[in-house]
>>> print(open('structure.txt').read())   # compact mmCIF, C-alpha atoms
# COMPACT_ATOMS: atom_id res chain seq x y z
CA MET A 1 229.68 93.58 188.64
CA ALA A 2 227.39 93.97 185.64
CA SER A 3 225.42 90.94 184.48
CA LYS A 4 225.98 89.51 181.05
CA GLU A 5 222.41 90.37 180.10
CA GLU A 6 223.10 94.00 180.94
CA ILE A 7 226.43 94.10 179.12
CA LEU A 8 225.36 92.68 175.76
CA PRO A 9 223.02 95.47 174.59
CA ASP A 10 225.46 98.19 175.63
CA LEU A 11 228.35 96.40 173.93
CA ALA A 12 226.21 95.90 170.82
CA SER A 13 225.47 99.61 170.62
CA ILE A 14 229.19 100.40 170.94
CA VAL A 15 229.92 97.96 168.11
CA GLU A 16 227.21 99.58 166.02
CA GLU A 17 228.57 103.06 166.63
CA VAL A 18 232.22 102.17 165.96
CA ALA A 19 231.90 99.67 163.12
CA GLY A 20 228.50 100.40 161.62
CA VAL A 21 227.29 96.86 162.29
CA ASP A 22 223.59 96.72 163.20
CA ALA A 23 223.29 96.11 166.94
CA SER A 24 220.85 93.26 166.37
CA GLU A 25 223.64 91.39 164.55
CA VAL A 26 225.86 91.51 167.64
CA THR A 27 224.87 88.21 169.24
CA PRO A 28 226.99 86.09 171.60
CA GLU A 29 228.11 83.41 169.14
CA LYS A 30 229.36 85.89 166.50
CA SER A 31 233.04 86.29 165.79
CA PHE A 32 234.07 89.94 165.59
CA VAL A 33 236.45 89.38 162.70
CA ASP A 34 234.90 86.50 160.75
CA ASP A 35 231.17 87.20 161.20
CA LEU A 36 230.97 90.94 161.85
CA ASP A 37 233.91 91.93 159.60
CA ILE A 38 235.46 94.15 162.27
CA ASP A 39 239.18 94.89 161.87
CA SER A 40 241.85 95.19 164.56
CA LEU A 41 241.73 98.98 164.67
CA SER A 42 237.97 99.03 165.16
CA MET A 43 238.46 96.45 167.92
CA VAL A 44 240.75 98.94 169.66
CA GLU A 45 238.07 101.63 169.38
CA ILE A 46 235.45 99.24 170.71
CA ALA A 47 237.75 98.32 173.60
CA VAL A 48 238.38 101.97 174.47
CA GLN A 49 234.66 102.73 174.55
CA ALA A 50 233.93 99.56 176.50
CA GLU A 51 236.57 100.57 179.04
CA ASP A 52 234.77 103.88 179.59
CA LYS A 53 231.31 102.35 179.62
CA PHE A 54 231.97 99.39 181.90
CA GLY A 55 234.92 100.61 183.97
CA VAL A 56 237.23 97.81 182.88
CA LYS A 57 240.76 97.69 181.47
CA ILE A 58 241.15 95.79 178.21
CA PRO A 59 244.86 95.82 177.30
CA ASP A 60 245.86 94.95 173.71
CA ASP A 61 247.10 91.48 174.63
CA GLU A 62 243.78 90.65 176.32
CA LEU A 63 241.86 92.23 173.47
CA ALA A 64 243.55 89.88 171.02
CA LYS A 65 242.01 86.91 172.87
CA LEU A 66 238.44 88.19 172.55
CA THR A 67 237.34 86.31 169.44
CA THR A 68 233.58 86.23 169.88
CA VAL A 69 231.03 88.61 171.32
CA SER A 70 230.51 86.25 174.24
CA ASP A 71 234.29 86.26 174.93
CA ALA A 72 234.03 90.04 175.29
CA VAL A 73 230.90 89.90 177.43
CA ASP A 74 232.52 87.31 179.72
CA TYR A 75 235.71 89.36 180.03
CA ILE A 76 233.83 92.56 180.85
CA SER A 77 231.55 90.75 183.28
CA SER A 78 234.45 89.22 185.22
CA HIS A 79 236.61 92.37 185.24
CA SER A 80 234.10 95.14 185.92
CA MET B 1 275.82 142.45 190.89
CA THR B 2 275.98 143.11 187.16
CA SER B 3 272.69 142.71 185.40
CA LEU B 4 272.55 141.56 181.80
CA ARG B 5 270.54 143.37 179.24
CA THR B 6 267.90 141.31 177.45
CA ALA B 7 266.17 141.91 174.15
CA PRO B 8 262.91 143.83 174.36
CA PRO B 9 260.05 141.32 174.31
CA VAL B 10 257.83 141.02 171.26
CA ALA B 11 254.05 140.43 171.36
CA GLY B 12 254.35 137.11 169.55
CA ALA B 13 254.67 135.53 166.14
CA ARG B 14 252.51 134.87 163.11
CA ILE B 15 252.83 132.72 160.02
CA ILE B 16 253.30 134.70 156.81
CA GLY B 17 254.24 132.01 154.30
CA LEU B 18 253.83 128.31 153.57
CA GLY B 19 255.38 125.87 151.13
CA SER B 20 255.69 122.17 150.47
CA SER B 21 257.60 119.77 148.28
CA GLN B 22 256.98 116.20 147.19
CA PRO B 23 259.03 113.85 145.06
CA ASP B 24 257.71 113.17 141.55
CA ARG B 25 257.23 109.43 141.88
CA VAL B 26 253.68 108.39 142.75
CA VAL B 27 253.40 104.94 144.33
CA THR B 28 249.95 103.38 144.18
CA ASN B 29 248.52 100.74 146.47
CA ASP B 30 248.49 98.34 143.52
CA GLU B 31 252.24 98.78 143.09
CA LEU B 32 252.86 97.93 146.75
CA ALA B 33 250.54 94.93 146.44
CA GLN B 34 252.94 93.45 143.91
CA ARG B 35 255.60 93.30 146.62
CA VAL B 36 253.75 92.55 149.87
CA GLU B 37 250.57 90.66 150.68
CA THR B 38 248.03 93.48 150.61
CA ASN B 39 245.53 95.16 148.28
CA ASP B 40 244.06 98.55 147.52
CA ALA B 41 240.84 98.02 149.48
CA TRP B 42 242.72 96.77 152.56
CA ILE B 43 245.08 99.74 152.61
CA ARG B 44 242.27 102.25 152.09
CA SER B 45 240.18 100.75 154.87
CA ARG B 46 243.03 100.44 157.39
CA VAL B 47 244.90 103.70 156.89
CA GLY B 48 242.94 105.68 154.29
CA ILE B 49 245.81 106.01 151.82
CA ALA B 50 245.18 105.85 148.06
CA GLU B 51 248.70 106.75 146.94
CA ARG B 52 251.91 108.31 148.23
CA ARG B 53 255.18 109.74 146.92
CA PHE B 54 258.58 108.06 147.21
CA ALA B 55 261.77 110.05 146.87
CA ALA B 56 264.39 109.42 144.19
CA ASP B 57 267.97 108.62 145.21
CA THR B 58 268.86 112.22 144.43
CA ASP B 59 266.19 113.60 146.78
CA SER B 60 267.17 114.13 150.41
CA VAL B 61 265.85 115.61 153.63
CA VAL B 62 267.91 118.71 152.79
CA SER B 63 266.89 119.00 149.12
CA MET B 64 263.16 118.53 149.72
CA GLY B 65 263.28 120.78 152.77
CA ALA B 66 265.13 123.51 150.88
CA ASP B 67 262.55 123.36 148.08
CA ALA B 68 259.67 123.69 150.54
CA GLY B 69 261.54 126.42 152.44
CA SER B 70 262.21 128.46 149.30
CA LYS B 71 258.54 128.26 148.35
CA ALA B 72 257.50 129.38 151.84
CA LEU B 73 259.91 132.35 151.65
CA ALA B 74 258.51 133.35 148.25
CA ASP B 75 254.98 133.01 149.64
CA ALA B 76 255.96 135.25 152.57
CA GLY B 77 257.58 137.80 150.28
CA LEU B 78 260.84 137.56 152.18
CA ALA B 79 264.39 137.19 150.91
CA PRO B 80 266.49 134.37 152.37
CA THR B 81 268.72 136.99 153.96
CA ASP B 82 265.74 138.30 155.94
CA LEU B 83 265.84 135.10 158.00
CA ASP B 84 267.38 134.97 161.46
CA ALA B 85 266.93 131.25 162.07
CA VAL B 86 266.16 127.97 160.34
CA ILE B 87 264.70 125.11 162.34
CA VAL B 88 264.47 121.73 160.60
CA ALA B 89 262.19 119.20 162.23
CA THR B 90 263.29 115.78 161.00
CA CYS B 91 263.85 112.26 162.28
CA THR B 92 265.15 110.73 159.05
CA MET B 93 268.55 112.27 158.38
CA PRO B 94 270.84 109.53 157.03
CA ASN B 95 273.49 110.48 159.59
CA PRO B 96 273.36 112.58 162.75
CA ILE B 97 276.32 114.72 161.65
CA PRO B 98 276.16 117.21 160.02
CA ASN B 99 272.67 118.48 160.72
CA ALA B 100 270.17 119.35 157.99
CA ALA B 101 269.50 122.96 158.95
CA ALA B 102 272.89 124.49 158.16
CA GLN B 103 273.00 122.85 154.71
CA LEU B 104 269.39 123.79 154.10
CA SER B 105 269.97 127.44 154.98
CA ASP B 106 272.88 127.55 152.52
CA ARG B 107 270.68 126.00 149.82
CA VAL B 108 267.90 128.51 150.28
CA GLY B 109 270.48 131.28 150.06
CA VAL B 110 271.57 132.44 153.47
CA ASN B 111 274.48 131.73 155.78
CA GLY B 112 275.47 132.97 159.21
CA ILE B 113 272.08 132.54 160.84
CA ALA B 114 270.90 130.20 163.60
CA ALA B 115 270.35 126.75 162.11
CA PHE B 116 269.49 123.61 164.02
CA ASP B 117 267.61 120.34 163.73
CA LEU B 118 264.88 119.27 166.08
CA ASN B 119 263.79 115.67 166.46
CA ALA B 120 260.32 115.16 167.84
CA ALA B 121 259.38 112.76 165.02
CA CYS B 122 255.85 113.34 163.73
CA ALA B 123 255.29 116.04 166.36
CA GLY B 124 258.34 117.89 165.04
CA PHE B 125 256.58 120.63 163.11
CA CYS B 126 254.47 121.69 166.10
CA TYR B 127 257.58 121.61 168.29
CA GLY B 128 259.42 123.69 165.68
CA VAL B 129 256.69 126.30 165.40
CA GLY B 130 256.56 126.46 169.19
CA VAL B 131 260.31 126.98 169.51
CA GLY B 132 260.43 129.43 166.59
CA SER B 133 257.55 131.46 167.97
CA ASP B 134 259.16 131.56 171.41
CA MET B 135 262.48 132.72 169.88
CA ILE B 136 260.62 135.57 168.23
CA ARG B 137 258.75 136.43 171.41
CA ALA B 138 261.97 136.49 173.38
CA GLY B 139 263.64 138.75 170.84
CA SER B 140 266.19 136.16 169.65
CA ALA B 141 264.95 136.29 166.05
CA ARG B 142 262.46 138.22 163.96
CA ASN B 143 262.01 135.88 160.99
CA VAL B 144 262.21 132.11 161.41
CA LEU B 145 261.87 129.39 158.79
CA VAL B 146 260.44 126.18 160.23
CA VAL B 147 260.77 123.15 157.97
CA GLY B 148 259.50 119.60 158.44
CA SER B 149 261.31 117.28 156.03
CA GLU B 150 261.43 113.51 155.93
CA LYS B 151 262.81 110.82 153.68
CA LEU B 152 261.17 107.92 155.45
CA THR B 153 261.77 105.49 152.59
CA ASP B 154 265.45 105.35 153.62
CA TRP B 155 264.24 103.56 156.76
CA LEU B 156 261.45 101.37 155.37
CA ASP B 157 261.51 97.60 155.15
CA MET B 158 259.63 97.23 151.87
CA ASP B 159 258.74 93.66 152.86
CA ASP B 160 256.99 94.80 156.07
CA ARG B 161 253.43 95.65 155.07
CA SER B 162 252.69 97.22 158.45
CA VAL B 163 255.01 100.13 157.57
CA CYS B 164 255.68 100.22 153.82
CA ILE B 165 252.05 101.02 152.99
CA ILE B 166 251.94 103.93 155.43
CA PHE B 167 255.05 106.06 155.22
CA ALA B 168 256.28 108.35 152.46
CA ASP B 169 258.58 111.29 151.66
CA ALA B 170 257.94 115.05 151.61
CA ALA B 171 258.72 118.42 153.13
CA GLY B 172 256.60 121.30 154.36
CA ALA B 173 257.61 124.72 155.64
CA ALA B 174 256.32 127.86 157.29
CA VAL B 175 257.82 131.31 157.75
CA LEU B 176 257.20 132.94 161.12
CA THR B 177 257.64 136.64 161.71
CA ALA B 178 257.37 138.99 164.66
CA ALA B 179 253.90 140.30 165.49
CA GLU B 180 254.26 143.87 166.69
CA THR B 181 250.92 144.09 168.45
CA PRO B 182 248.82 141.54 170.33
CA GLU B 183 246.17 141.81 167.59
CA GLU B 184 248.69 140.59 165.01
CA VAL B 185 249.71 137.48 166.95
CA GLY B 186 248.90 134.38 164.93
CA VAL B 187 250.64 131.57 166.80
CA GLY B 188 249.03 130.47 170.05
CA PRO B 189 250.81 128.94 173.03
CA VAL B 190 252.22 125.52 172.27
CA VAL B 191 251.31 122.43 174.27
CA LEU B 192 254.21 119.96 174.29
CA GLY B 193 254.79 116.59 175.86
CA ALA B 194 256.23 113.13 175.50
CA ALA B 195 255.12 109.72 176.73
CA GLY B 196 258.55 108.16 177.17
CA ASP B 197 256.98 105.15 178.88
CA LEU B 198 255.63 104.10 175.46
CA VAL B 199 258.96 104.60 173.66
CA LYS B 200 259.16 101.00 172.44
CA THR B 201 256.03 101.29 170.29
CA ILE B 202 257.85 103.14 167.46
CA GLY B 203 261.53 102.93 166.63
CA ILE B 204 264.39 101.89 164.40
CA ASP B 205 265.41 98.24 164.82
CA GLU B 206 268.90 96.69 164.63
CA GLN B 207 268.57 96.40 160.84
CA ASN B 208 267.95 100.16 160.63
CA TYR B 209 264.31 99.64 159.75
CA LEU B 210 261.39 101.58 161.16
CA ARG B 211 258.98 99.40 163.14
CA GLN B 212 255.83 100.28 165.01
CA GLU B 213 253.26 98.52 167.13
CA GLY B 214 250.32 99.76 165.11
CA GLN B 215 247.58 98.77 167.51
CA ALA B 216 249.24 100.30 170.58
CA VAL B 217 250.02 103.53 168.75
CA PHE B 218 246.47 103.65 167.38
CA ARG B 219 245.02 103.32 170.86
CA TRP B 220 247.30 106.05 172.20
CA ALA B 221 246.67 108.43 169.32
CA THR B 222 242.90 108.01 169.32
CA THR B 223 242.60 108.58 173.08
CA LYS B 224 245.43 110.91 174.18
CA ILE B 225 245.79 113.41 171.33
CA ALA B 226 242.38 115.08 171.25
CA PRO B 227 242.91 116.27 174.85
CA VAL B 228 246.24 117.84 173.77
CA ALA B 229 244.43 119.65 170.96
CA LEU B 230 241.72 120.84 173.32
CA LYS B 231 244.35 122.15 175.74
CA ALA B 232 245.97 124.12 172.90
CA VAL B 233 242.58 125.68 172.12
CA GLU B 234 242.09 126.60 175.76
CA ARG B 235 245.58 128.08 176.08
CA ALA B 236 244.91 130.27 173.05
CA GLY B 237 241.86 131.65 174.85
CA LEU B 238 239.44 130.06 172.40
CA THR B 239 236.76 127.39 172.42
CA PRO B 240 236.46 124.44 169.99
CA ALA B 241 233.66 126.29 168.14
CA ASP B 242 236.19 128.98 167.17
CA ILE B 243 238.30 126.52 165.16
CA ASP B 244 237.85 126.63 161.38
CA VAL B 245 240.42 124.02 160.36
CA LEU B 246 241.74 120.92 162.13
CA VAL B 247 245.15 119.72 160.96
CA PRO B 248 246.24 116.62 162.86
CA HIS B 249 249.44 114.87 161.85
CA GLN B 250 248.48 112.70 158.89
CA ALA B 251 249.30 109.37 160.53
CA ASN B 252 246.24 107.36 159.56
CA LEU B 253 242.91 108.67 158.30
CA ARG B 254 241.10 106.76 161.02
CA ILE B 255 243.14 108.52 163.71
CA VAL B 256 242.40 111.87 162.04
CA GLU B 257 238.69 111.05 162.02
CA ALA B 258 238.75 109.91 165.65
CA ILE B 259 240.36 113.20 166.73
CA ALA B 260 237.83 115.20 164.69
CA LYS B 261 234.95 113.24 166.19
CA LYS B 262 236.19 113.93 169.71
CA LEU B 263 236.58 117.65 168.99
CA ARG B 264 233.06 117.82 167.57
CA SER B 265 231.74 116.15 170.70
CA GLU B 266 233.48 118.95 172.64
CA GLY B 267 231.85 121.72 170.65
CA ALA B 268 233.76 121.98 167.37
CA ARG B 269 231.52 122.97 164.48
CA ASP B 270 230.03 120.54 161.97
CA ASP B 271 231.58 122.61 159.17
CA LEU B 272 235.06 122.22 160.69
CA VAL B 273 237.46 121.56 157.81
CA VAL B 274 239.51 118.45 158.61
CA ALA B 275 242.82 117.80 156.83
CA ASP B 276 242.86 114.50 154.94
CA ASP B 277 246.04 114.96 152.93
CA ILE B 278 247.18 111.46 153.91
CA VAL B 279 244.92 110.06 151.17
CA TYR B 280 247.28 111.24 148.43
CA SER B 281 250.49 111.85 150.40
CA GLY B 282 250.79 109.03 152.93
CA ASN B 283 252.27 109.56 156.38
CA THR B 284 255.19 111.97 155.99
CA SER B 285 255.94 112.53 159.68
CA SER B 286 257.04 116.11 160.44
CA ALA B 287 256.19 117.25 156.89
CA SER B 288 252.54 116.26 157.04
CA ILE B 289 251.01 119.23 158.87
CA PRO B 290 252.51 122.13 156.87
CA MET B 291 252.06 120.20 153.60
CA ALA B 292 248.41 119.45 154.41
CA ILE B 293 247.73 123.15 155.02
CA ASP B 294 249.56 124.11 151.83
CA HIS B 295 247.56 121.58 149.80
CA MET B 296 244.25 122.64 151.35
CA ARG B 297 245.05 126.24 150.57
CA ALA B 298 245.88 125.40 146.95
CA ALA B 299 242.58 123.51 146.71
CA GLY B 300 240.65 126.48 148.10
CA ARG B 301 239.50 124.56 151.18
CA VAL B 302 240.99 127.08 153.63
CA ARG B 303 241.36 130.84 153.54
CA SER B 304 243.69 133.45 154.88
CA GLY B 305 242.65 134.34 158.42
CA ASP B 306 241.19 130.92 159.18
CA ILE B 307 241.92 129.66 162.68
CA ALA B 308 243.68 126.31 162.44
CA LEU B 309 244.33 123.80 165.20
CA LEU B 310 247.54 121.85 164.63
CA VAL B 311 248.41 118.70 166.56
CA GLY B 312 251.36 116.40 165.95
CA PHE B 313 252.12 113.03 167.55
CA GLY B 314 254.54 110.21 166.91
CA ALA B 315 257.69 108.39 167.95
CA GLY B 316 258.89 109.18 171.44
CA LEU B 317 256.01 109.10 171.89
CA SER B 318 256.09 112.86 171.36
CA TYR B 319 253.15 115.19 170.97
CA GLY B 320 252.52 118.88 170.51
CA GLY B 321 249.90 121.28 169.29
CA GLN B 322 248.95 124.91 168.89
CA VAL B 323 246.38 127.16 167.33
CA VAL B 324 247.57 129.31 164.42
CA VAL B 325 245.99 131.88 162.13
CA LEU B 326 246.54 130.85 158.50
CA PRO B 327 248.40 133.30 156.27
>>> encode(input="structure.txt", output="structure tokens")
Amino acid sequence: MASKEEILPDLASIVEEVAGVDASEVTPEKSFVDDLDIDSLSMVEIAVQAEDKFGVKIPDDELAKLTTVSDAVDYISSHS
Amino acid sequence: MTSLRTAPPVAGARIIGLGSSQPDRVVTNDELAQRVETNDAWIRSRVGIAERRFAADTDSVVSMGADAGSKALADAGLAPTDLDAVIVATCTMPNPIPNAAAQLSDRVGVNGIAAFDLNAACAGFCYGVGVGSDMIRAGSARNVLVVGSEKLTDWLDMDDRSVCIIFADAAGAAVLTAAETPEEVGVGPVVLGAAGDLVKTIGIDEQNYLRQEGQAVFRWATTKIAPVALKAVERAGLTPADIDVLVPHQANLRIVEAIAKKLRSEGARDDLVVADDIVYSGNTSSASIPMAIDHMRAAGRVRSGDIALLVGFGAGLSYGGQVVVLP
């Protein structure tokens, strides 16, 4: 099980690669949609890459519940 | 035991003509925004479409397909009576009976040849080219017209912004002919499949409207289709670096870009030409691949002899792909 401190930078670099958001902007309290301006299709791409990177499954219905960066980090941490 | 004679096998098939047909009416994003809650920037960012064409009441799967087919025959330098078979890939006929292909063959000017429809939705053109090529290889036909034609607007809920901004009407066609020698073969082995377990993600509802689960289809298309394309390259005895032109079904520009990105990560060249016809044509299902090639050719973006990788995917969920040499 990866620690949250380990997950965040890797997740941030995935977000940067998929959505062009600077990795330094990807901080725990940020909302993907409202703060980082990431749409639902980019969220799918982020989820797919996160699945590969962290060895987790993030189905669409679970993905829809991941509002903030910390929601995603918590989900990955508890499912990897 | 009596043995049956079979036709002498042929080396393979090649494409010798292309054509496409679109209705006259251009529908802009701004026009759709007057009807549903959306805007130009939103549509461009989500699906990459700037405008699309909607058919008139007088346009049909058969009429658009016949127009595209006649252009492809002229491009090939063949007469309609040179054809041995017409395959129409479509999923939008208004009724299942009669089929489109027999009417279409009559309209292009030939009767008494093999004529059948094939429904593999947006993968239909790749399925059709695969079947047509195999008919030629087996000696069942020498010249085959493969048409993808769709009037999707017959099945669109114009109040559902998840579909009405995406889909459009058009036809595209290719003429296949027998390749006498292995060197002349210009249609590689087809890779076909269907993910029936995901059938519910795209379909016609009880009101006869097309619905799709966009996010689920997007995930499938951006992860499962590049491997199909790569398998088609491998089966043709090539590597990704050999491909000059990538023509994925024009479902969504972001899916097209995701497939191209994956292929480049597997060795496709940076100067790979990637079809983006969806920008001005929308998603036209089985018509999108041949029409995209035809438009790229008219724009001078591809040349005769280029090696093109085709990959279709859509309702079913069906998928198929092959490598072809452009005429």
>>> closest_atom_pairs(input="structure.txt", of="chain B", to="chain A", cutoff="9 Å", atoms="all atoms listed in the file", output="tab-separated table")
residue	atom	partner	partner_atom	distance
B:Arg46	CA	A:Leu41	CA	7.5
B:Gly214	CA	A:Leu41	CA	8.6
B:Gln215	CA	A:Leu41	CA	6.5
B:Ala216	CA	A:Asp60	CA	7.1
B:Phe218	CA	A:Leu41	CA	7.2
B:Arg219	CA	A:Val44	CA	6.2
B:Thr222	CA	A:Glu45	CA	8.0
B:Thr223	CA	A:Val48	CA	8.0
B:Arg254	CA	A:Leu41	CA	8.6
>>> write_last_selection(input="structure.txt", atoms="C-alpha atoms", output="PDB file, in the frame of the given file")
ATOM      1  CA  ARG B  46     243.030 100.440 157.390  1.00  0.00           C
ATOM      2  CA  GLY B 214     250.320  99.760 165.110  1.00  0.00           C
ATOM      3  CA  GLN B 215     247.580  98.770 167.510  1.00  0.00           C
ATOM      4  CA  ALA B 216     249.240 100.300 170.580  1.00  0.00           C
ATOM      5  CA  PHE B 218     246.470 103.650 167.380  1.00  0.00           C
ATOM      6  CA  ARG B 219     245.020 103.320 170.860  1.00  0.00           C
ATOM      7  CA  THR B 222     242.900 108.010 169.320  1.00  0.00           C
ATOM      8  CA  THR B 223     242.600 108.580 173.080  1.00  0.00           C
ATOM      9  CA  ARG B 254     241.100 106.760 161.020  1.00  0.00           C
TER      10      ARG B 254
END
>>> residues_around(input="structure.txt", residues="B:Val185", least_positions_apart="4", cutoff="9 Å", atoms="only C-alpha atoms", output="list of chain:residue names")
B:Ala11, B:Gly12, B:Ala13, B:Arg14, B:Ile15, B:Ala178, B:Ala179, B:Glu180, B:Thr181, B:Val324, B:Val325
>>> residues_near_point(input="structure.txt", point="(225.4, 85.3, 172.4)", cutoff="12 Å", atoms="only C-alpha atoms", output="PyMOL selection string")
chain A and resi 4-5+7-9+11-12+24-32+68-74
>>> atom_distance(input="structure.txt", atom1="atom CA of B:Ile307", atom2="atom CA of B:Ala114")
29.0 Å
>>> closest_residue(input="structure.txt", among="B:Val10, B:Ile166, B:Val175, B:Gly188", to="B:Asn283", atoms="all atoms listed in the file")
B:Ile166
>>> residues_near_point(input="structure.txt", point="(233.2, 126.0, 163.1)", cutoff="6 Å", atoms="only C-alpha atoms", output="list in words")
Ala241, Asp242, Ile243, Asp244, Ala268, Arg269, Asp271 and Leu272 of chain B
>>> atom_distance(input="structure.txt", atom1="atom CA of B:Gln22", atom2="atom CA of B:Ser105")
18.9 Å
>>> decode(input="structure.txt", residues="stretch 28-41 of chain A", atoms="N, CA and C atoms", output="CSV table (one decimal), in the first residue's frame")
chain,number,residue,atom,x,y,z
A,28,PRO,N,-3.7,18.9,-2.4
A,28,PRO,CA,-4.9,18.1,-1.9
A,28,PRO,C,-6.2,18.7,-1.8
A,29,GLU,N,-6.3,20.0,-1.5
A,29,GLU,CA,-7.6,20.7,-1.3
A,29,GLU,C,-8.3,21.1,-2.6
A,30,LYS,N,-7.5,20.9,-3.7
A,30,LYS,CA,-8.1,21.4,-5.0
A,30,LYS,C,-9.2,20.5,-5.6
A,31,SER,N,-10.2,21.1,-6.1
A,31,SER,CA,-11.2,20.3,-6.8
A,31,SER,C,-10.8,20.2,-8.3
A,32,PHE,N,-10.9,19.0,-8.8
A,32,PHE,CA,-10.5,18.7,-10.2
A,32,PHE,C,-11.3,19.6,-11.1
A,33,VAL,N,-12.6,19.6,-10.9
A,33,VAL,CA,-13.4,20.4,-11.9
A,33,VAL,C,-13.4,21.9,-11.6
A,34,ASP,N,-13.7,22.3,-10.4
A,34,ASP,CA,-13.8,23.7,-10.1
A,34,ASP,C,-12.5,24.5,-10.0
A,35,ASP,N,-11.5,23.9,-9.5
A,35,ASP,CA,-10.2,24.6,-9.3
A,35,ASP,C,-9.2,24.3,-10.5
A,36,LEU,N,-9.2,23.1,-10.9
A,36,LEU,CA,-8.2,22.7,-11.9
A,36,LEU,C,-8.8,22.7,-13.4
A,37,ASP,N,-10.1,22.9,-13.5
A,37,ASP,CA,-10.7,23.0,-14.8
A,37,ASP,C,-10.5,21.8,-15.6
A,38,ILE,N,-10.6,20.6,-15.0
A,38,ILE,CA,-10.5,19.3,-15.7
A,38,ILE,C,-11.9,18.8,-16.0
A,39,ASP,N,-12.1,18.4,-17.2
A,39,ASP,CA,-13.4,17.9,-17.6
A,39,ASP,C,-13.5,16.3,-17.4
A,40,SER,N,-14.7,15.8,-17.6
A,40,SER,CA,-15.0,14.4,-17.3
A,40,SER,C,-14.2,13.5,-18.1
A,41,LEU,N,-13.9,13.9,-19.4
A,41,LEU,CA,-13.1,13.0,-20.2
A,41,LEU,C,-11.7,12.9,-19.8
